[in-house]
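Encoded as structure tokens, the structure appears first; notes follow it.
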Amino acid sequence: MSDAHDLTGAGFETLAIRAGQDPDPTTGAVIPPLHLSSTFAQDGIGNLRGGYEYGRSGNPTRTALETQLAALEGGTRALSFASGLAAEDALLRATLRPGDGLVIGNDVYGGTYRLVSRVLGPWGVQHRVVDLTDLDAVRVALEESAAKLLWVETPSNPYLRVSDIAALADLAHAQGALLVVDNTFATPALQRPLTLGADVVVHSTTKYLGGHSDVVGGAVVLKDDELAEQVKFLQFAAGAVSGPLDAWLTTRGIKTLVVRVQRHCENALALAQRLAEHPTVARVHYPGLPDHPGHALAARQMSGFGGIVSLELADGAAARRFAESTALFTLAESLGGVESLVNHPASMTHASVKGTELEVSEAVVRLSVGLESVADLVADVEAALDRV
């Protein structure tokens, strides 16, 4: 009897655990082997076993991850890269040429903006920055720039702004542009942009998908096979592929994605509610709070509100004191791991956009709320606020 299962119609949790994860046909190992080989024996010149010849062009462990990612996002193809920015770079170079343009949000991730403005900009790619929650402004920007891509992060980093994926897809398609959604913060456990009209999804798999702060990676998930082939060519030709161990660790992390994200959401909401009541906190950015401008949209578009909470304090000095005063929240880059992290975006993740229209206020602190006891997390944050 075959160990392969037909996953048509399977639930998300089943796909996360089973897609691309059939037992090894030779040994019966329930967990597919980690293929560390850089090259593969050929049965005669050009007669490849399973299509594999060299680790840059393909690896069974990477293939398994790509199958898993496509299933989770509802795409036809997924491609795994060495980092989130490597994934974005391949997609941008596959879809844009010198003279082309794209429209991006006004609080896009600093690394994405650096890639667009300082790497692709000198190559001749133009970009327009717009508030993606203002649909009229987006329409005008698309029309005036004749953009080929509309690039969306929702929820955004670090202000947790929520953008209407379906409405933005309509605007993009009306202008002949593709809609790309960075789904890193929400993950497919909470939001599936391709089902809402997006053409492409990108991820930093370093974050929630890997989930344990021990692997760096990125992914592109697509609906169109022709575009997928163009991105795959760049994956091969430029070579920024995920290594087999990185792919294996990411696959392992994805298998617990649903239960982890559920606890991230629960802890983040409880913490956001406490912060909203604290006299030292000027403002809390979290879509799960009823007074968040995107709360109603997030409730329709997502199945949960995520594990990131951003807060604003009196000024930059207060924000820095707070970020350097927590104990359980470790001061560090990145997010989405099981452990809680605190970040000062203006001087860390978004330092590259200082002085631009995407500049982040010095008063903002971003919290990646982990899986620790929520009572301990609340106590840690409140103690740090007392020292501000």
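In the structure tokens, chains take the letters A, B, ... in the order shown, each chain's residues start at 1, and ligands count up from 1 in the order shown.
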
**OP:** Could you give me, as number ranges by chain, each residue of region 77-290 of chain A that DSSP assigns to strand (DSSP E) when run on this structure's backbone?
**Re:** A: 77-81, 101-105, 126-130, 149-153, 178-182, 200-204, 218-222, 283-285

Just-selected residues, C-alpha atoms written as a PDB file, in the first residue's frame:
ATOM      1  CA  ARG A  77       3.994  26.718  -6.908  1.00  0.00           C
ATOM      2  CA  ALA A  78       6.300  27.825  -4.116  1.00  0.00           C
ATOM      3  CA  LEU A  79      10.024  28.543  -4.200  1.00  0.00           C
ATOM      4  CA  SER A  80      12.308  28.574  -1.182  1.00  0.00           C
ATOM      5  CA  PHE A  81      15.223  30.991  -0.811  1.00  0.00           C
ATOM      6  CA  GLY A 101       7.716  50.938 -11.436  1.00  0.00           C
ATOM      7  CA  LEU A 102       6.013  49.602  -8.340  1.00  0.00           C
ATOM      8  CA  VAL A 103       3.859  51.081  -5.602  1.00  0.00           C
ATOM      9  CA  ILE A 104       4.720  50.242  -1.995  1.00  0.00           C
ATOM     10  CA  GLY A 105       3.257  51.079   1.391  1.00  0.00           C
ATOM     11  CA  GLN A 126      10.994  53.446 -10.009  1.00  0.00           C
ATOM     12  CA  HIS A 127       8.877  53.328  -6.862  1.00  0.00           C
ATOM     13  CA  ARG A 128       5.994  55.316  -5.421  1.00  0.00           C
ATOM     14  CA  VAL A 129       5.185  55.348  -1.697  1.00  0.00           C
ATOM     15  CA  VAL A 130       1.557  55.575  -0.614  1.00  0.00           C
ATOM     16  CA  LEU A 149       3.495  45.762  -9.078  1.00  0.00           C
ATOM     17  CA  LEU A 150       1.548  46.803  -6.004  1.00  0.00           C
ATOM     18  CA  TRP A 151       3.476  45.636  -2.930  1.00  0.00           C
ATOM     19  CA  VAL A 152       1.485  45.185   0.278  1.00  0.00           C
ATOM     20  CA  GLU A 153       2.367  44.241   3.846  1.00  0.00           C
ATOM     21  CA  LEU A 178       0.223  42.316 -10.020  1.00  0.00           C
ATOM     22  CA  LEU A 179      -0.620  42.363  -6.325  1.00  0.00           C
ATOM     23  CA  VAL A 180       2.154  41.016  -4.085  1.00  0.00           C
ATOM     24  CA  VAL A 181       1.375  40.470  -0.394  1.00  0.00           C
ATOM     25  CA  ASP A 182       4.037  40.025   2.273  1.00  0.00           C
ATOM     26  CA  VAL A 200       1.933  36.404  -5.269  1.00  0.00           C
ATOM     27  CA  VAL A 201       2.729  35.910  -1.594  1.00  0.00           C
ATOM     28  CA  VAL A 202       6.186  36.432  -0.103  1.00  0.00           C
ATOM     29  CA  HIS A 203       7.483  35.354   3.289  1.00  0.00           C
ATOM     30  CA  SER A 204      10.417  35.705   5.527  1.00  0.00           C
ATOM     31  CA  GLY A 218      12.369  33.177   2.496  1.00  0.00           C
ATOM     32  CA  ALA A 219       9.706  32.044   0.077  1.00  0.00           C
ATOM     33  CA  VAL A 220       7.659  33.111  -2.929  1.00  0.00           C
ATOM     34  CA  VAL A 221       4.264  31.453  -3.476  1.00  0.00           C
ATOM     35  CA  LEU A 222       2.525  31.960  -6.817  1.00  0.00           C
ATOM     36  CA  ARG A 283      -0.714  54.486  22.113  1.00  0.00           C
ATOM     37  CA  VAL A 284      -0.952  50.782  21.363  1.00  0.00           C
ATOM     38  CA  HIS A 285      -0.922  49.434  17.803  1.00  0.00           C
TER      39      HIS A 285
END

Original post:
What residues in region 59-239 of chain A get the DSSP label helix (DSSP H, G or I)? Please answer as a VMD selection string.
Top reply: chain A and resid 60 to 73 84 to 95 110 to 120 135 to 145 165 to 174 193 to 196 225 to 238

Original post:
What's the 6 Å shell around Ala198 (chain A), counting only C-alpha atoms, without same-chain residues fewer than 3 positions away, as a count of residues only?
Top reply: 4

Determine, using only C-alpha atoms, which residues of region 52-165 of chain A have any atom at most 12 Å from an atom of region 353-375 of chain A, and tabulate each with its shortest atom pair and distance in Å to one decimal place, rows ordered by chain and then rising number, as JSON lines.
{"residue": "A:Ile104", "atom": "CA", "partner": "A:Leu358", "partner_atom": "CA", "distance": 10.3}
{"residue": "A:Gly105", "atom": "CA", "partner": "A:Leu358", "partner_atom": "CA", "distance": 8.5}
{"residue": "A:Asn106", "atom": "CA", "partner": "A:Leu358", "partner_atom": "CA", "distance": 5.2}
{"residue": "A:Asp107", "atom": "CA", "partner": "A:Leu358", "partner_atom": "CA", "distance": 5.3}
{"residue": "A:Val108", "atom": "CA", "partner": "A:Leu358", "partner_atom": "CA", "distance": 7.4}
{"residue": "A:Tyr109", "atom": "CA", "partner": "A:Val353", "partner_atom": "CA", "distance": 9.0}
{"residue": "A:Gly110", "atom": "CA", "partner": "A:Val353", "partner_atom": "CA", "distance": 5.8}
{"residue": "A:Gly111", "atom": "CA", "partner": "A:Val353", "partner_atom": "CA", "distance": 8.6}
{"residue": "A:Thr112", "atom": "CA", "partner": "A:Val353", "partner_atom": "CA", "distance": 10.0}
{"residue": "A:Tyr113", "atom": "CA", "partner": "A:Val353", "partner_atom": "CA", "distance": 7.3}
{"residue": "A:Arg114", "atom": "CA", "partner": "A:Val353", "partner_atom": "CA", "distance": 7.4}
{"residue": "A:Leu115", "atom": "CA", "partner": "A:Val353", "partner_atom": "CA", "distance": 11.1}
{"residue": "A:Val116", "atom": "CA", "partner": "A:Val353", "partner_atom": "CA", "distance": 11.5}
{"residue": "A:Ser117", "atom": "CA", "partner": "A:Val353", "partner_atom": "CA", "distance": 9.9}
{"residue": "A:Arg118", "atom": "CA", "partner": "A:Val353", "partner_atom": "CA", "distance": 10.9}
{"residue": "A:Arg128", "atom": "CA", "partner": "A:Glu357", "partner_atom": "CA", "distance": 10.8}
{"residue": "A:Val129", "atom": "CA", "partner": "A:Glu357", "partner_atom": "CA", "distance": 7.9}
{"residue": "A:Val130", "atom": "CA", "partner": "A:Glu357", "partner_atom": "CA", "distance": 9.4}
{"residue": "A:Asp131", "atom": "CA", "partner": "A:Leu358", "partner_atom": "CA", "distance": 10.1}
{"residue": "A:Ser156", "atom": "CA", "partner": "A:Arg366", "partner_atom": "CA", "distance": 11.7}
{"residue": "A:Asn157", "atom": "CA", "partner": "A:Arg366", "partner_atom": "CA", "distance": 8.8}
{"residue": "A:Pro158", "atom": "CA", "partner": "A:Arg366", "partner_atom": "CA", "distance": 6.4}
{"residue": "A:Tyr159", "atom": "CA", "partner": "A:Arg366", "partner_atom": "CA", "distance": 8.6}
{"residue": "A:Leu160", "atom": "CA", "partner": "A:Arg366", "partner_atom": "CA", "distance": 9.9}

Write out, as a JSON list (two decimals), in the first residue's frame, the residues just selected, with C-alpha atoms.
[["chain", "number", "residue", "atom", "x", "y", "z"],
["A", 104, "ILE", "CA", 4.72, 50.24, -2.00],
["A", 105, "GLY", "CA", 3.26, 51.08, 1.39],
["A", 106, "ASN", "CA", 4.48, 53.93, 3.54],
["A", 107, "ASP", "CA", 5.53, 51.66, 6.38],
["A", 108, "VAL", "CA", 6.93, 48.74, 4.42],
["A", 109, "TYR", "CA", 9.71, 46.73, 6.09],
["A", 110, "GLY", "CA", 12.95, 48.69, 6.04],
["A", 111, "GLY", "CA", 14.87, 45.91, 4.30],
["A", 112, "THR", "CA", 12.31, 45.78, 1.50],
["A", 113, "TYR", "CA", 12.53, 49.54, 1.00],
["A", 114, "ARG", "CA", 16.34, 49.38, 0.98],
["A", 115, "LEU", "CA", 16.22, 46.66, -1.68],
["A", 116, "VAL", "CA", 13.79, 48.65, -3.82],
["A", 117, "SER", "CA", 15.40, 52.06, -3.43],
["A", 118, "ARG", "CA", 19.11, 51.34, -3.16],
["A", 128, "ARG", "CA", 5.99, 55.32, -5.42],
["A", 129, "VAL", "CA", 5.19, 55.35, -1.70],
["A", 130, "VAL", "CA", 1.56, 55.57, -0.61],
["A", 131, "ASP", "CA", -0.71, 54.95, 2.37],
["A", 156, "SER", "CA", 2.43, 46.13, 8.37],
["A", 157, "ASN", "CA", 5.72, 46.47, 10.21],
["A", 158, "PRO", "CA", 5.83, 48.06, 12.78],
["A", 159, "TYR", "CA", 2.55, 50.02, 12.89],
["A", 160, "LEU", "CA", 0.29, 47.00, 12.29]]
